[in-house]
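K.L.:
First the structure, which I've put down as structure tokens, then a few questions once you've had a look.
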Amino acid sequence: MSRVLTIALNTFKETIRDRILGVIVLFALAMIVGSVWLGAISLGQAGRMMQDFGLVAVTLFGLVVAVFVGASLVRKEIDKRTVFVLFSKPLGRSEFIVGKFLGLCATLFVVTMGMGVFLFVAVWYVAKSPQPDLLLACLLIYVQLVVVVAVTVLFSTVTSPTLASVLGVCVFIAGQLSSNVLSLTRLGHSPFVKAASWVVFVVVPNLSAVDIKAAVVGEQVSRPATLGLWVGYLAAYCVVVLLLASFVFRRKEF
Amino acid sequence: MRRRVALAALLVVCVAAVLAYQSSRPAASGADARVFVPSPRFYLDLSPSFRTSVADAYWLQTIQYYGEHLRSDNRFDSLWPMLDLVTTLSPRFEQAYFTGAFALIDAGRPDRAYGLLKRGMAANPAEWRFPAYLGFFAYTFGSEELKEKWAAHWYAKAAALPGRPAYVPRLAAALLTKSGARDKAIAMWASVYAEGDKYSREKAVKALGALLATDAQERAKELASVRTMMSPQAYFQLLQDLGMGSS
């Protein structure tokens, strides 16, 4: 366990030092400031616009970090040949994968919640009242992004970083449309389409189940008990994906 | 050195050309009154997690569209599809209904404004402003024979909702009186008396004095029907104010 934590800590430090992260965070903050401007042209709806567009910005920039950094995590170690040094020590390949994943999750937490706290304070200032739901929404965005990191790490063990990034983004988009796939399983006439839709529905992570962006602006009521179960489902999904990634990585020859 | 100077000069010329061209461009020609607005179903299916963000983006576009055409040609062909999209994607976006209803009046569609507010009321049943606005619209744009009846109907609904200001029940009572719904008007004025401040009570006493039967026995009978609407103290105070002692 300590070896996993060491890898995680090093990954965390390495990604935090990465200049790209700083630029992305700054850009995200600029987007949130931009939503203040949008608020000014929305006929008294500044708070609502800031919350809505701010959460979209948090999601998109978090996704960029998750996908692009996640896709190059393993490849970087192979290209720099540091992986040989690491594996000459008593370190398992699974521990390496899990450590890398946890390290990036820690970085992502800092980035997502940093943006979330900034947004929370900005909305409090504009709307004159605190909106604690915003922080919960950011936390749930983070949960979605953790799944995307796990999937991207899996793809990065079998393909190039570019393709892994593209596939990571595709999984995020597919995860948002999970309910549509489910309706295909109900509406499709062909048994093949029904079966294929069902397989896609089960394999793709249902990310929209933990999305409460609409609830933050007063649309649907969030259901804490169900949310907890869905977060558990996504955690289990991550475990399965990481086990797969470890299995693939163990068989990889350098 | 010469090369650097040439490059710098080229840069300055290009920047000047870009700025000069952009700033001297003629102002954009009048916007088209008909713009493409996708079906709400499209966004509900395609981006369920981002539907409120899409609604907000279209809300900003709606405001811009309304402002542009209000200043120019007064044509609002796409206003309704835009408002329909915004309120379908975000049914609890109250401001969109209120502003949209008034914009639809400018577009010459009070019927659609009325429909939009009714839809808003169905999605936000606890918000008193929807029936109050409906009452206002019914009174302002309704047919001469029915406007008081419908306005009274909506204001009475607004008066029953939490958070409404004190003037709403008074307005409802006054409209019920005008529309000839005597029993409802008596009940509404009694509720104004029970809940209102000194000014409201004075108004209620005056209105009830004019509405109730002149015969003392009849008047007592009519007042008995509102006895359960207020505390015994308030009821006896009302009788006193109406000059009926403790009958």
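Please note that chains go A, B, ... in the order of the structure tokens, that every chain numbers its residues from 1, and that ligands are numbered from 1 in the order shown.
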Could you please tell me, as an MDAnalysis selection string, which residues of chain A have an atom within 12 Å of chain B when using only C-alpha atoms?
P.N.:
chainID A and resid 35 37:57 59:60 137 141 172:184 206:221
K.L.:
Using only C-alpha atoms, which of A:Val65, A:Val98, A:Val169, A:Leu26 sits nearest Ser246 (chain A)?
P.N.:
A:Val98
K.L.:
May I have the residues within 12 Å of Arg75 (chain A) as number ranges by chain, using only C-alpha atoms and disregarding those fewer than 4 positions away in the same chain?
P.N.:
A: 68-71, 79-83, 97, 100, 152-162, 164, 249, 254
K.L.:
How would the residues just chosen look if you wrote them out with N, CA, C and O atoms as a CSV table (one decimal), in the first residue's frame?
P.N.:
chain,number,residue,atom,x,y,z
A,68,PHE,N,-6.4,14.5,-21.0
A,68,PHE,CA,-5.1,14.7,-21.6
A,68,PHE,C,-4.0,14.3,-20.7
A,68,PHE,O,-3.0,13.7,-21.1
A,69,VAL,N,-4.1,14.6,-19.4
A,69,VAL,CA,-3.1,14.2,-18.5
A,69,VAL,C,-3.2,12.6,-18.2
A,69,VAL,O,-2.2,11.9,-18.2
A,70,GLY,N,-4.4,12.2,-18.1
A,70,GLY,CA,-4.6,10.7,-17.9
A,70,GLY,C,-4.1,9.9,-19.0
A,70,GLY,O,-3.5,8.8,-18.8
A,71,ALA,N,-4.2,10.4,-20.3
A,71,ALA,CA,-3.8,9.6,-21.4
A,71,ALA,C,-2.2,9.5,-21.5
A,71,ALA,O,-1.7,8.5,-22.1
A,79,ASP,N,8.2,6.4,-22.3
A,79,ASP,CA,9.1,7.2,-23.2
A,79,ASP,C,10.3,7.7,-22.5
A,79,ASP,O,11.4,7.7,-23.1
A,80,LYS,N,10.2,8.1,-21.2
A,80,LYS,CA,11.4,8.6,-20.5
A,80,LYS,C,12.2,7.4,-20.0
A,80,LYS,O,13.2,7.7,-19.3
A,81,ARG,N,11.7,6.2,-20.1
A,81,ARG,CA,12.3,5.0,-19.6
A,81,ARG,C,12.5,4.9,-18.1
A,81,ARG,O,13.3,4.1,-17.6
A,82,THR,N,11.8,5.8,-17.4
A,82,THR,CA,11.8,5.7,-15.9
A,82,THR,C,11.1,4.5,-15.4
A,82,THR,O,11.3,4.0,-14.3
A,83,VAL,N,10.2,3.9,-16.3
A,83,VAL,CA,9.5,2.7,-15.9
A,83,VAL,C,10.4,1.6,-15.6
A,83,VAL,O,10.2,0.7,-14.8
A,97,ILE,N,-0.1,1.2,-11.8
A,97,ILE,CA,-1.3,1.7,-12.4
A,97,ILE,C,-2.2,2.4,-11.4
A,97,ILE,O,-2.6,3.5,-11.6
A,100,LYS,N,-0.6,5.6,-10.1
A,100,LYS,CA,-0.7,6.7,-11.1
A,100,LYS,C,-2.2,7.3,-11.1
A,100,LYS,O,-2.4,8.5,-11.1
A,152,THR,N,-9.6,6.4,-19.3
A,152,THR,CA,-8.5,6.9,-20.1
A,152,THR,C,-7.2,6.1,-19.8
A,152,THR,O,-6.4,5.8,-20.7
A,153,VAL,N,-7.0,5.9,-18.5
A,153,VAL,CA,-5.8,5.1,-18.1
A,153,VAL,C,-5.8,3.7,-18.8
A,153,VAL,O,-4.8,3.2,-19.3
A,154,LEU,N,-7.0,3.1,-18.7
A,154,LEU,CA,-7.2,1.8,-19.4
A,154,LEU,C,-6.8,1.9,-20.9
A,154,LEU,O,-6.0,1.0,-21.4
A,155,PHE,N,-7.4,2.9,-21.6
A,155,PHE,CA,-7.1,3.0,-23.0
A,155,PHE,C,-5.6,3.3,-23.2
A,155,PHE,O,-5.1,2.8,-24.2
A,156,SER,N,-5.0,4.1,-22.3
A,156,SER,CA,-3.6,4.5,-22.6
A,156,SER,C,-2.7,3.3,-22.4
A,156,SER,O,-1.6,3.3,-22.9
A,157,THR,N,-3.2,2.2,-21.8
A,157,THR,CA,-2.3,1.0,-21.7
A,157,THR,C,-2.3,0.2,-23.0
A,157,THR,O,-1.5,-0.7,-23.2
A,158,VAL,N,-3.3,0.4,-23.8
A,158,VAL,CA,-3.4,-0.4,-25.1
A,158,VAL,C,-3.2,0.4,-26.3
A,158,VAL,O,-3.1,-0.2,-27.4
A,159,THR,N,-3.3,1.7,-26.2
A,159,THR,CA,-3.2,2.5,-27.5
A,159,THR,C,-2.4,3.8,-27.2
A,159,THR,O,-1.9,4.0,-26.1
A,160,SER,N,-2.3,4.7,-28.2
A,160,SER,CA,-1.5,5.9,-28.1
A,160,SER,C,-2.2,6.9,-27.3
A,160,SER,O,-3.5,6.8,-27.1
A,161,PRO,N,-1.5,7.9,-26.7
A,161,PRO,CA,-2.1,8.9,-25.8
A,161,PRO,C,-3.2,9.7,-26.6
A,161,PRO,O,-4.3,10.0,-26.0
A,162,THR,N,-3.0,10.0,-27.9
A,162,THR,CA,-4.0,10.8,-28.6
A,162,THR,C,-5.3,10.0,-28.7
A,162,THR,O,-6.4,10.5,-28.4
A,164,ALA,N,-6.2,7.5,-26.9
A,164,ALA,CA,-6.8,7.3,-25.5
A,164,ALA,C,-7.6,8.5,-25.1
A,164,ALA,O,-8.6,8.4,-24.5
A,249,PHE,N,-1.8,-4.2,-18.5
A,249,PHE,CA,-0.4,-3.6,-18.3
A,249,PHE,C,0.6,-4.7,-17.9
A,249,PHE,O,1.7,-4.7,-18.2
A,254,PHE,N,7.8,-4.2,-22.9
A,254,PHE,CA,8.4,-2.9,-23.2
A,254,PHE,C,9.7,-3.1,-24.1
A,254,PHE,O,10.4,-4.1,-24.0
K.L.:
Could you name the residues that touch Thr140 (chain B) at 12 Å or less, counting only C-alpha atoms, but leaving out those on the same chain fewer than 3 positions away, as a PyMOL selection string?
P.N.:
chain B and resi 105+110-111+114+133-137+143-144+146-148+150-151
K.L.:
Please determine, counting only C-alpha atoms, which residue among A:Leu73, A:Val58, A:Val121, A:Val64 has the shortest atom-to-atom distance to Ile7 (chain A).
P.N.:
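Among A:Leu73, A:Val58, A:Val121, A:Val64, it is A:Leu73 that comes nearest to Ile7 (chain A).
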K.L.:
May I ask which of the residues B:Gly142, B:Asn74, B:Arg109, B:Ala160 is the closest one to Arg129 (chain B), counting only C-alpha atoms?
P.N.:
B:Ala160
